[in-house]
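**Student:** Sharing final_31.cif here; it has mmCIF, C-alpha atoms.
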```
data_upload
#
loop_
_atom_site.group_PDB
_atom_site.id
_atom_site.type_symbol
_atom_site.label_atom_id
_atom_site.label_comp_id
_atom_site.auth_asym_id
_atom_site.auth_seq_id
_atom_site.Cartn_x
_atom_site.Cartn_y
_atom_site.Cartn_z
ATOM 1 C CA MET A 125 103.218 102.323 100.776
ATOM 2 C CA GLN A 126 102.296 101.895 104.439
ATOM 3 C CA VAL A 127 98.502 101.683 104.315
ATOM 4 C CA TYR A 128 96.592 103.386 107.136
ATOM 5 C CA PRO A 129 93.978 106.172 107.563
ATOM 6 C CA LEU A 130 95.752 109.422 106.688
ATOM 7 C CA LYS A 131 94.479 112.254 108.882
ATOM 8 C CA MET A 132 94.923 115.573 107.128
ATOM 9 C CA ILE A 133 96.073 119.056 108.174
ATOM 10 C CA PRO A 134 94.175 121.618 106.085
ATOM 11 C CA ILE A 135 95.225 124.840 104.378
ATOM 12 C CA TYR A 136 93.212 127.963 105.232
ATOM 13 C CA LYS A 137 92.243 130.669 102.736
ATOM 14 C CA GLN A 138 91.109 134.163 103.678
ATOM 15 C CA TYR A 139 88.791 135.939 101.232
ATOM 16 C CA ILE A 140 86.474 138.892 101.678
ATOM 17 C CA TRP A 141 83.385 136.701 102.090
ATOM 18 C CA GLY A 142 84.655 134.409 104.885
ATOM 19 C CA GLY A 143 83.831 134.221 108.596
ATOM 20 C CA ASP A 144 84.618 132.266 111.751
ATOM 21 C CA ASN A 145 82.208 129.325 111.477
ATOM 22 C CA LEU A 146 84.905 126.791 110.628
ATOM 23 C CA HIS A 147 86.399 127.381 114.062
ATOM 24 C CA ALA A 148 83.067 127.760 115.867
ATOM 25 C CA LEU A 149 81.433 124.655 114.349
ATOM 26 C CA TYR A 150 84.383 122.332 113.742
ATOM 27 C CA GLY A 151 87.196 123.559 115.980
ATOM 28 C CA LYS A 152 89.419 124.450 113.038
ATOM 29 C CA ASN A 153 92.658 126.249 113.862
ATOM 30 C CA THR A 154 91.792 129.135 111.556
ATOM 31 C CA PRO A 155 93.912 132.308 111.408
ATOM 32 C CA VAL A 156 92.997 135.505 113.217
ATOM 33 C CA GLY A 157 90.028 137.013 111.431
ATOM 34 C CA GLY A 158 88.617 133.651 110.375
ATOM 35 C CA ALA A 159 88.785 131.833 107.067
ATOM 36 C CA ALA A 160 86.668 131.587 103.949
ATOM 37 C CA GLU A 161 87.928 128.155 102.938
ATOM 38 C CA SER A 162 89.611 125.182 104.529
ATOM 39 C CA TRP A 163 91.308 123.037 101.915
ATOM 40 C CA GLU A 164 90.896 119.833 103.867
ATOM 41 C CA ILE A 165 92.386 117.457 101.299
ATOM 42 C CA SER A 166 94.481 119.234 98.707
ATOM 43 C CA CYS A 167 97.257 117.829 96.521
ATOM 44 C CA ASN A 168 98.881 120.566 94.455
ATOM 45 C CA GLU A 169 102.561 121.399 94.211
ATOM 46 C CA ASN A 170 102.276 124.780 95.951
ATOM 47 C CA GLU A 171 99.104 124.213 97.976
ATOM 48 C CA SER A 172 99.100 120.810 99.595
ATOM 49 C CA SER A 173 97.582 119.690 102.861
ATOM 50 C CA ALA A 174 99.839 117.585 105.078
ATOM 51 C CA VAL A 175 99.549 114.268 106.891
ATOM 52 C CA ALA A 176 98.979 114.626 110.643
ATOM 53 C CA ASN A 177 99.630 111.058 111.811
ATOM 54 C CA GLY A 178 101.618 107.867 111.420
ATOM 55 C CA CYS A 179 104.827 107.232 109.516
ATOM 56 C CA TYR A 180 104.059 109.970 106.963
ATOM 57 C CA GLN A 181 103.402 112.618 109.633
ATOM 58 C CA GLY A 182 104.420 116.073 108.416
ATOM 59 C CA MET A 183 104.712 115.017 104.764
ATOM 60 C CA SER A 184 102.716 116.979 102.222
ATOM 61 C CA LEU A 185 100.088 115.019 100.333
ATOM 62 C CA TYR A 186 101.746 116.195 97.119
ATOM 63 C CA THR A 187 105.063 114.601 98.079
ATOM 64 C CA LEU A 188 103.376 111.427 99.290
ATOM 65 C CA SER A 189 101.365 111.241 96.077
ATOM 66 C CA ALA A 190 104.496 111.588 93.951
ATOM 67 C CA GLN A 191 106.134 108.732 95.842
ATOM 68 C CA THR A 192 103.201 106.313 96.009
ATOM 69 C CA ARG A 193 100.783 107.209 93.183
ATOM 70 C CA GLY A 194 98.972 103.990 92.329
ATOM 71 C CA SER A 195 98.923 102.950 95.979
ATOM 72 C CA LEU A 196 97.333 106.226 97.095
ATOM 73 C CA TYR A 197 94.848 106.677 94.235
ATOM 74 C CA ASN A 198 93.723 104.714 91.209
ATOM 75 C CA THR A 199 95.805 105.917 88.259
ATOM 76 C CA SER A 200 93.435 104.234 85.798
ATOM 77 C CA GLY A 201 90.593 106.561 86.860
ATOM 78 C CA LYS A 202 89.142 109.492 84.944
ATOM 79 C CA ASN A 203 92.107 111.806 85.689
ATOM 80 C CA GLY A 204 94.716 109.161 84.913
ATOM 81 C CA GLU A 205 98.095 109.912 86.439
ATOM 82 C CA SER A 206 96.965 113.145 88.145
ATOM 83 C CA PHE A 207 95.669 113.300 91.710
ATOM 84 C CA PRO A 208 91.946 113.406 90.981
ATOM 85 C CA LEU A 209 90.054 115.306 93.693
ATOM 86 C CA LEU A 210 90.067 118.277 96.038
ATOM 87 C CA PHE A 211 87.899 118.602 99.150
ATOM 88 C CA LYS A 212 87.134 121.927 100.854
ATOM 89 C CA LEU A 213 84.948 123.513 103.492
ATOM 90 C CA LEU A 214 83.496 126.934 102.646
ATOM 91 C CA ASP A 215 82.283 129.467 105.214
ATOM 92 C CA ALA A 216 80.074 131.925 103.350
ATOM 93 C CA GLN A 217 79.536 134.754 105.807
ATOM 94 C CA ASN A 218 78.846 136.958 102.780
ATOM 95 C CA ASP A 219 77.827 136.243 99.186
ATOM 96 C CA LEU A 220 80.373 134.522 96.963
ATOM 97 C CA SER A 221 80.912 135.827 93.450
ATOM 98 C CA VAL A 222 78.792 134.475 90.612
ATOM 99 C CA GLN A 223 81.149 132.177 88.708
ATOM 100 C CA VAL A 224 81.486 129.268 86.346
ATOM 101 C CA HIS A 225 84.065 126.537 85.714
ATOM 102 C CA PRO A 226 85.197 125.078 82.383
ATOM 103 C CA ASP A 227 85.170 121.403 81.460
ATOM 104 C CA ASP A 228 88.224 119.325 80.575
ATOM 105 C CA PHE A 229 88.013 120.231 76.894
ATOM 106 C CA TYR A 230 87.811 124.035 76.940
ATOM 107 C CA GLN A 231 91.495 124.881 77.187
ATOM 108 C CA CYS A 232 94.465 122.639 76.512
ATOM 109 C CA GLY A 233 96.400 121.879 79.680
ATOM 110 C CA VAL A 234 93.677 123.081 82.048
ATOM 111 C CA THR A 235 91.722 120.520 84.071
ATOM 112 C CA GLY A 236 88.011 121.214 84.179
ATOM 113 C CA LYS A 237 86.041 121.576 87.367
ATOM 114 C CA THR A 238 82.852 119.672 88.033
ATOM 115 C CA GLU A 239 81.989 119.915 91.726
ATOM 116 C CA MET A 240 79.292 119.178 94.272
ATOM 117 C CA TRP A 241 78.078 121.010 97.357
ATOM 118 C CA TYR A 242 76.702 119.504 100.542
ATOM 119 C CA ILE A 243 75.129 122.087 102.862
ATOM 120 C CA LEU A 244 76.458 121.554 106.388
ATOM 121 C CA HIS A 245 74.820 124.638 107.913
ATOM 122 C CA ALA A 246 72.363 127.215 106.576
ATOM 123 C CA ASP A 247 70.812 130.266 108.181
ATOM 124 C CA LYS A 248 67.104 130.808 107.657
ATOM 125 C CA GLY A 249 66.528 132.224 104.184
ATOM 126 C CA ALA A 250 69.928 131.161 102.815
ATOM 127 C CA GLN A 251 70.070 130.703 99.041
ATOM 128 C CA ILE A 252 72.425 129.645 96.294
ATOM 129 C CA VAL A 253 72.536 130.601 92.630
ATOM 130 C CA TYR A 254 72.152 127.572 90.350
ATOM 131 C CA GLY A 255 72.075 128.471 86.677
ATOM 132 C CA PHE A 256 69.275 130.490 85.073
ATOM 133 C CA LYS A 257 65.524 130.831 85.564
ATOM 134 C CA GLU A 258 64.917 130.682 81.823
ATOM 135 C CA PRO A 259 67.070 129.964 78.764
ATOM 136 C CA VAL A 260 69.410 132.870 77.975
ATOM 137 C CA ALA A 261 70.973 133.827 74.628
ATOM 138 C CA ARG A 262 74.704 134.600 74.626
ATOM 139 C CA ALA A 263 74.119 138.230 73.641
ATOM 140 C CA GLU A 264 71.488 138.658 76.380
ATOM 141 C CA LEU A 265 73.869 137.217 78.970
ATOM 142 C CA ALA A 266 76.720 139.439 77.809
ATOM 143 C CA ASN A 267 74.518 142.533 78.009
ATOM 144 C CA ALA A 268 73.315 141.592 81.506
ATOM 145 C CA ILE A 269 76.896 141.152 82.730
ATOM 146 C CA PHE A 270 78.100 144.471 81.337
ATOM 147 C CA SER A 271 75.007 146.362 82.520
ATOM 148 C CA GLY A 272 75.110 144.847 86.023
ATOM 149 C CA THR A 273 71.635 143.305 85.698
ATOM 150 C CA ILE A 274 72.668 139.644 85.638
ATOM 151 C CA THR A 275 70.978 138.929 88.974
ATOM 152 C CA THR A 276 67.586 139.279 87.240
ATOM 153 C CA LEU A 277 68.381 136.191 85.128
ATOM 154 C CA LEU A 278 69.667 133.907 87.852
ATOM 155 C CA ASN A 279 67.934 130.916 89.412
ATOM 156 C CA TYR A 280 67.908 131.358 93.220
ATOM 157 C CA VAL A 281 67.353 128.221 95.296
ATOM 158 C CA ASP A 282 66.498 128.057 99.021
ATOM 159 C CA VAL A 283 68.848 125.745 100.891
ATOM 160 C CA HIS A 284 68.826 123.873 104.203
ATOM 161 C CA ALA A 285 71.339 121.732 106.050
ATOM 162 C CA GLY A 286 71.528 118.326 104.366
ATOM 163 C CA ASP A 287 70.818 119.564 100.834
ATOM 164 C CA ALA A 288 73.226 118.382 98.130
ATOM 165 C CA PHE A 289 73.886 119.788 94.661
ATOM 166 C CA LEU A 290 75.878 118.441 91.740
ATOM 167 C CA ILE A 291 77.351 121.389 89.827
ATOM 168 C CA PRO A 292 78.601 120.214 86.434
ATOM 169 C CA ALA A 293 81.234 122.277 84.644
ATOM 170 C CA GLY A 294 79.515 125.099 82.763
ATOM 171 C CA THR A 295 76.848 125.709 85.433
ATOM 172 C CA LEU A 296 76.779 129.328 86.593
ATOM 173 C CA HIS A 297 76.590 129.285 90.406
ATOM 174 C CA ALA A 298 77.223 131.117 93.665
ATOM 175 C CA ALA A 299 76.793 130.502 97.371
ATOM 176 C CA GLY A 300 74.802 133.140 99.227
ATOM 177 C CA LYS A 301 75.614 134.393 102.693
ATOM 178 C CA GLY A 302 74.818 132.403 105.817
ATOM 179 C CA MET A 303 75.948 128.872 105.023
ATOM 180 C CA VAL A 304 78.779 126.407 105.482
ATOM 181 C CA ILE A 305 79.415 124.058 102.558
ATOM 182 C CA ALA A 306 81.394 120.873 102.018
ATOM 183 C CA GLU A 307 82.713 120.984 98.455
ATOM 184 C CA LEU A 308 84.092 118.000 96.536
ATOM 185 C CA GLN A 309 85.531 118.779 93.120
ATOM 186 C CA GLN A 310 87.909 117.838 90.383
ATOM 187 C CA ASN A 311 91.432 118.805 91.405
ATOM 188 C CA SER A 312 91.396 122.142 89.621
ATOM 189 C CA ASN A 313 91.198 125.827 90.451
ATOM 190 C CA ALA A 314 89.913 126.903 87.020
ATOM 191 C CA THR A 315 87.312 129.571 87.836
ATOM 192 C CA TYR A 316 85.808 132.321 85.687
ATOM 193 C CA ARG A 317 84.265 135.090 87.784
ATOM 194 C CA VAL A 318 81.234 136.768 86.202
ATOM 195 C CA PHE A 319 79.873 139.147 88.855
ATOM 196 C CA ASP A 320 81.131 140.167 92.302
ATOM 197 C CA TYR A 321 78.531 142.727 93.437
ATOM 198 C CA ASN A 322 81.008 145.551 92.689
ATOM 199 C CA ARG A 323 82.830 144.804 95.953
ATOM 200 C CA ARG A 324 86.286 146.118 96.723
ATOM 201 C CA ASP A 325 88.990 144.529 98.877
ATOM 202 C CA LYS A 326 90.854 146.277 101.703
ATOM 203 C CA SER A 327 93.047 148.088 99.181
ATOM 204 C CA GLY A 328 90.004 149.351 97.278
ATOM 205 C CA THR A 329 90.521 147.034 94.304
ATOM 206 C CA MET A 330 87.677 145.143 92.646
ATOM 207 C CA ARG A 331 88.382 141.488 91.921
ATOM 208 C CA GLU A 332 89.120 140.462 88.348
ATOM 209 C CA LEU A 333 86.275 139.249 86.143
ATOM 210 C CA HIS A 334 86.679 136.722 83.306
ATOM 211 C CA ILE A 335 83.742 137.587 81.101
ATOM 212 C CA GLU A 336 84.794 136.265 77.685
ATOM 213 C CA GLN A 337 85.854 132.902 79.093
ATOM 214 C CA ALA A 338 82.611 132.685 81.076
ATOM 215 C CA LEU A 339 80.537 133.416 77.981
ATOM 216 C CA ASP A 340 82.372 130.619 76.169
ATOM 217 C CA VAL A 341 81.744 127.898 78.756
ATOM 218 C CA THR A 342 78.432 128.766 80.454
ATOM 219 C CA ILE A 343 75.446 126.471 79.911
ATOM 220 C CA ARG A 344 72.645 128.917 79.101
ATOM 221 C CA GLU A 345 69.565 126.692 79.366
ATOM 222 C CA SER A 346 67.145 126.839 82.306
ATOM 223 C CA SER A 347 68.257 125.032 85.476
ATOM 224 C CA ARG A 348 64.886 125.048 87.218
ATOM 225 C CA GLY A 349 63.800 121.686 88.558
ATOM 226 C CA ARG A 350 67.196 119.938 88.379
ATOM 227 C CA GLU A 351 69.031 121.592 91.244
ATOM 228 C CA LYS A 352 68.863 119.419 94.348
ATOM 229 C CA CYS A 353 70.154 115.863 94.683
ATOM 230 C CA GLY A 354 69.694 113.333 97.447
ATOM 231 C CA ALA A 355 72.322 112.165 99.920
ATOM 232 C CA HIS A 356 73.944 110.143 97.121
ATOM 233 C CA ILE A 357 75.695 111.748 94.147
ATOM 234 C CA SER A 358 77.590 109.900 91.451
ATOM 235 C CA CYS A 359 79.234 111.311 88.335
ATOM 236 C CA GLU A 360 82.170 110.457 86.093
ATOM 237 C CA PHE A 361 84.658 112.064 88.505
ATOM 238 C CA PHE A 362 83.483 111.166 92.009
ATOM 239 C CA GLU A 363 80.875 109.556 94.206
ATOM 240 C CA PHE A 364 79.417 111.049 97.394
ATOM 241 C CA ASN A 365 77.326 109.618 100.223
ATOM 242 C CA GLU A 366 76.247 111.017 103.566
ATOM 243 C CA GLU A 367 76.200 108.192 106.116
ATOM 244 C CA THR A 368 74.974 107.933 109.723
ATOM 245 C CA ILE A 369 76.791 105.260 111.713
ATOM 246 C CA SER A 370 75.784 104.109 115.184
ATOM 247 C CA SER A 371 78.126 101.144 115.712
ATOM 248 C CA THR A 372 80.520 99.725 113.084
ATOM 249 C CA ARG A 373 80.428 99.693 109.311
ATOM 250 C CA CYS A 374 82.859 98.241 106.798
ATOM 251 C CA PHE A 375 83.412 99.722 103.331
ATOM 252 C CA GLU A 376 85.148 98.061 100.365
ATOM 253 C CA THR A 377 87.388 100.379 98.351
ATOM 254 C CA LYS A 378 87.510 98.347 95.109
ATOM 255 C CA HIS A 379 90.872 100.013 94.372
ATOM 256 C CA ALA A 380 89.519 103.567 94.702
ATOM 257 C CA MET A 381 90.815 106.283 97.018
ATOM 258 C CA PHE A 382 88.294 107.542 99.601
ATOM 259 C CA PHE A 383 87.961 110.845 101.451
ATOM 260 C CA LEU A 384 86.140 110.990 104.800
ATOM 261 C CA PHE A 385 84.843 114.087 106.613
ATOM 262 C CA PHE A 386 83.271 113.621 110.023
ATOM 263 C CA ALA A 387 80.499 116.189 110.332
ATOM 264 C CA GLU A 388 79.322 114.902 113.729
ATOM 265 C CA GLY A 389 80.397 112.453 116.411
ATOM 266 C CA PHE A 390 83.509 110.554 117.393
ATOM 267 C CA GLY A 391 85.026 107.099 117.085
ATOM 268 C CA SER A 392 87.760 105.406 115.073
ATOM 269 C CA VAL A 393 88.553 104.587 111.461
ATOM 270 C CA SER A 394 90.830 101.705 110.537
ATOM 271 C CA CYS A 395 92.503 100.097 107.535
ATOM 272 C CA GLY A 396 95.677 98.149 106.960
ATOM 273 C CA GLY A 397 95.491 96.903 110.528
ATOM 274 C CA ILE A 398 95.899 100.434 111.924
ATOM 275 C CA SER A 399 93.186 102.388 113.745
ATOM 276 C CA GLU A 400 93.002 106.173 114.202
ATOM 277 C CA ASN A 401 90.580 108.112 116.378
ATOM 278 C CA PHE A 402 88.418 110.819 114.863
ATOM 279 C CA LYS A 403 86.302 113.676 116.152
ATOM 280 C CA LYS A 404 83.905 116.153 114.586
ATOM 281 C CA GLY A 405 85.664 118.179 111.897
ATOM 282 C CA ASP A 406 88.390 115.659 111.014
ATOM 283 C CA SER A 407 89.213 114.651 107.435
ATOM 284 C CA PHE A 408 90.961 111.465 106.316
ATOM 285 C CA VAL A 409 92.284 109.909 103.122
ATOM 286 C CA ILE A 410 91.907 106.147 102.729
ATOM 287 C CA PRO A 411 94.517 104.910 100.198
ATOM 288 C CA ALA A 412 93.324 102.931 97.203
ATOM 289 C CA ALA A 413 95.712 100.130 98.237
ATOM 290 C CA ALA A 414 93.504 99.394 101.250
ATOM 291 C CA PRO A 415 91.031 96.639 100.259
ATOM 292 C CA CYS A 416 88.556 97.955 102.836
ATOM 293 C CA PHE A 417 88.199 100.283 105.802
ATOM 294 C CA GLU A 418 86.036 100.302 108.901
ATOM 295 C CA ILE A 419 84.357 103.121 110.813
ATOM 296 C CA SER A 420 83.388 102.499 114.427
ATOM 297 C CA GLY A 421 81.517 104.915 116.668
ATOM 298 C CA CYS A 422 78.527 107.239 116.534
ATOM 299 C CA CYS A 423 78.887 109.743 113.743
ATOM 300 C CA ARG A 424 77.630 111.425 110.609
ATOM 301 C CA VAL A 425 80.261 111.139 107.919
ATOM 302 C CA LEU A 426 80.645 112.310 104.345
ATOM 303 C CA VAL A 427 82.055 109.398 102.355
ATOM 304 C CA MET A 428 83.647 110.424 99.072
ATOM 305 C CA LYS A 429 85.519 108.389 96.460
ATOM 306 C CA GLN A 430 87.180 108.743 93.091
ATOM 307 C CA THR A 431 85.412 107.086 90.177
#
```
Once you've parsed the file, please lay out its structure as structure tokens.
**Tutor:**
Amino acid sequence: MQVYPLKMIPIYKQYIWGGDNLHALYGKNTPVGGAAESWEISCNENESSAVANGCYQGMSLYTLSAQTRGSLYNTSGKNGESFPLLFKLLDAQNDLSVQVHPDDFYQCGVTGKTEMWYILHADKGAQIVYGFKEPVARAELANAIFSGTITTLLNYVDVHAGDAFLIPAGTLHAAGKGMVIAELQQNSNATYRVFDYNRRDKSGTMRELHIEQALDVTIRESSRGREKCGAHISCEFFEFNEETISSTRCFETKHAMFFLFFAEGFGSVSCGGISENFKKGDSFVIPAAAPCFEISGCCRVLVMKQT
């Protein structure tokens, strides 16, 4: 594999809760009407971001991954032979549905979804749902879902730019309106929707709920007091750091693949003897085969790696 910083072309997703902040804040080439999600670094057969630069320009990350595997990411990591991570930006102009994700053991053949959120932007009064205020019995939760009173059980947390949250599989959660989120997660789209505020799409159809699955996997203990994390998050699937760089900094990969998202600033990132310029809003993959990489410039960058 030719080792260099892989600049990525994202995939945009339009859902009923999205807006135009990804274009306004980060210059994203979103479709008319805005976008709810930008899948910045995605490696799935049918939904893969593409490489924007260098000798792999125009190639999907999925194809590149199939060809290079151990050079692109560490195949001895938690997810083994599978591409391990997915990185998104979320523009929550309206409330997201209350949902939960399974772990790796719930259903054979389905990868679980532990994720983390870093709040890039938050309007005054913005909140997220993070679990429950108090412990909840399964029957009580089921009754609250069917009666439409589940919001009375939920733990609402005020958020501000710079807040970070680890959301382990099984944690009921939702993003409220008025925020932009960077989301790093296991490479999975396994989601069980519990409550969607009885909203209807343009055709008048309410989105599907997955109540029985959600009841099976939801952690029903209180989440109060364990919501927010600092600028460093580490779990069995990934590691996250928010870094401010004013000149040059070198990072060792130790055979792990890295993702970079530049939230502010400009400069260059280099590895394998090749340097690429970056600006605010750019995302890069640093292959695991690179022993190290270097960031030069003035920037605030989200540094993410597989574990």
**Student:** Written as a PyMOL selection string, which residues does the PyMOL selection byres ((chain A and resi 183-194) around 7) give for the file shown?
**Tutor:** chain A and resi 125+167-169+172-175+180-182+195-199
**Student:** Any chance you could resolve the PyMOL selection byres ((chain A and resi 370) around 10) against this file and give the residues as a ChimeraX atom specification?
**Tutor:** /A:367-369,371-373,389,391,419-424
**Student:** Can you turn the PyMOL selection byres ((chain A and resi 141-147) around 8) into a concrete residue list for this file, as a ChimeraX atom specification?
**Tutor:** /A:138-140,148-154,157-162,213-220,304
**Student:** Using only C-alpha atoms, which residues sit within 12 Å of A:Lys131 once same-chain residues fewer than 2 positions away are excluded, as a PyMOL selection string?
**Tutor:** chain A and resi 128-129+133-134+164-165+173-185+383-386+392-394+399-403+405-411
**Student:** One decimal, in Å: what's the spacing between atom CA of A:Lys237 and atom CA of A:Leu296?
**Tutor:**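 Distance reported for this atom pair: 12.1 Å.
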**Student:** Given only C-alpha atoms, how would the per-residue table for stretch 298-351 of chain A near stretch 252-269 of chain A read, listing every residue at most 12 Å away with its closest atom pair and distance in Å to one decimal, sorted by chain and number, as a tab-separated table?
**Tutor:**
```
residue	atom	partner	partner_atom	distance
A:Ala298	CA	A:Val253	CA	4.8
A:Ala299	CA	A:Ile252	CA	4.6
A:Gly300	CA	A:Ile252	CA	5.1
A:Lys301	CA	A:Ile252	CA	8.6
A:Gly302	CA	A:Ile252	CA	10.2
A:Met303	CA	A:Ile252	CA	9.4
A:Val304	CA	A:Ile252	CA	11.6
A:Ile305	CA	A:Ile252	CA	10.9
A:Arg317	CA	A:Ile269	CA	10.8
A:Val318	CA	A:Ile269	CA	7.1
A:Phe319	CA	A:Ile269	CA	7.1
A:Asp320	CA	A:Ile269	CA	10.5
A:Tyr321	CA	A:Ile269	CA	10.9
A:Asn322	CA	A:Ile269	CA	11.6
A:Leu333	CA	A:Ile269	CA	10.2
A:His334	CA	A:Ile269	CA	10.8
A:Ile335	CA	A:Ile269	CA	7.9
A:Glu336	CA	A:Ala266	CA	8.7
A:Gln337	CA	A:Ala266	CA	11.3
A:Ala338	CA	A:Ala266	CA	9.5
A:Leu339	CA	A:Arg262	CA	6.8
A:Asp340	CA	A:Arg262	CA	8.8
A:Val341	CA	A:Arg262	CA	10.6
A:Thr342	CA	A:Gly255	CA	8.9
A:Ile343	CA	A:Gly255	CA	7.8
A:Arg344	CA	A:Val260	CA	5.2
A:Glu345	CA	A:Pro259	CA	4.2
A:Ser346	CA	A:Glu258	CA	4.5
A:Ser347	CA	A:Gly255	CA	5.3
A:Arg348	CA	A:Lys257	CA	6.0
A:Gly349	CA	A:Lys257	CA	9.8
A:Arg350	CA	A:Tyr254	CA	9.3
A:Glu351	CA	A:Tyr254	CA	6.8
```
**Student:** Can you write just those residues out, C-alpha atoms, as a compact mmCIF listing (two decimals), in the coordinates of the input?
**Tutor:**
```txt
# COMPACT_ATOMS: atom_id res chain seq x y z
CA ALA A 298 77.22 131.12 93.66
CA ALA A 299 76.79 130.50 97.37
CA GLY A 300 74.80 133.14 99.23
CA LYS A 301 75.61 134.39 102.69
CA GLY A 302 74.82 132.40 105.82
CA MET A 303 75.95 128.87 105.02
CA VAL A 304 78.78 126.41 105.48
CA ILE A 305 79.42 124.06 102.56
CA ARG A 317 84.26 135.09 87.78
CA VAL A 318 81.23 136.77 86.20
CA PHE A 319 79.87 139.15 88.86
CA ASP A 320 81.13 140.17 92.30
CA TYR A 321 78.53 142.73 93.44
CA ASN A 322 81.01 145.55 92.69
CA LEU A 333 86.28 139.25 86.14
CA HIS A 334 86.68 136.72 83.31
CA ILE A 335 83.74 137.59 81.10
CA GLU A 336 84.79 136.26 77.68
CA GLN A 337 85.85 132.90 79.09
CA ALA A 338 82.61 132.68 81.08
CA LEU A 339 80.54 133.42 77.98
CA ASP A 340 82.37 130.62 76.17
CA VAL A 341 81.74 127.90 78.76
CA THR A 342 78.43 128.77 80.45
CA ILE A 343 75.45 126.47 79.91
CA ARG A 344 72.64 128.92 79.10
CA GLU A 345 69.56 126.69 79.37
CA SER A 346 67.14 126.84 82.31
CA SER A 347 68.26 125.03 85.48
CA ARG A 348 64.89 125.05 87.22
CA GLY A 349 63.80 121.69 88.56
CA ARG A 350 67.20 119.94 88.38
CA GLU A 351 69.03 121.59 91.24
```
**Student:** Which polymer residues have any atom within 8 Å of an atom of A:Trp241, counting all atoms listed in the file, with same-chain residues fewer than 5 positions away left out, as a list in words?
**Tutor:**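 In the requested form, the answer reads Ala288, Phe289, Leu290, Ile291, Ile305, Ala306, Glu307 and Leu308 of chain A.
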**Student:** Please write out, as lines of an AutoDock Vina configuration file, where the centre of an axis-aligned box around all listed atoms of stretch 218-236 of chain A lies and how long its edges are, in Å to one decimal, after adding 5 Å on each side.
**Tutor:**
```
center_x = 87.1
center_y = 128.1
center_z = 89.6
size_x = 28.6
size_y = 27.6
size_z = 36.3
```
**Student:** Using Å and a single decimal, report how far atom CA of A:Phe417 sits from atom CA of A:Thr377.
**Tutor:**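 One can read the atom CA of A:Thr377 to atom CA of A:Phe417 distance as 7.5 Å.
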**Student:** Between A:Gly328, A:Thr238, A:His245, A:Leu130, which is the closest to A:His297 once you count all atoms listed in the file?
**Tutor:**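 The shortest atom-to-atom distance to A:His297 comes from A:Thr238.
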**Student:** Between atom CA of A:Ile274 and atom CA of A:Phe229, measure the distance and give it in Å to one decimal.
**Tutor:**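 That distance, rounded to one decimal, is 26.2 Å.
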**Student:** Under the rule that all atoms listed in the file are counted, which of A:Ala387, A:Ala314, A:Val156, A:Met132 is the nearest residue to A:Gln231?
**Tutor:**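 For A:Gln231, the nearest of the candidates is A:Ala314.
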**Student:** Taking into account only C-alpha atoms, which residue in the set A:Asn365, A:Asn279, A:Gln310, A:Thr315 is nearest to A:Val224?
**Tutor:**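 Ranking A:Asn365, A:Asn279, A:Gln310, A:Thr315 by distance to A:Val224, first place goes to A:Thr315.
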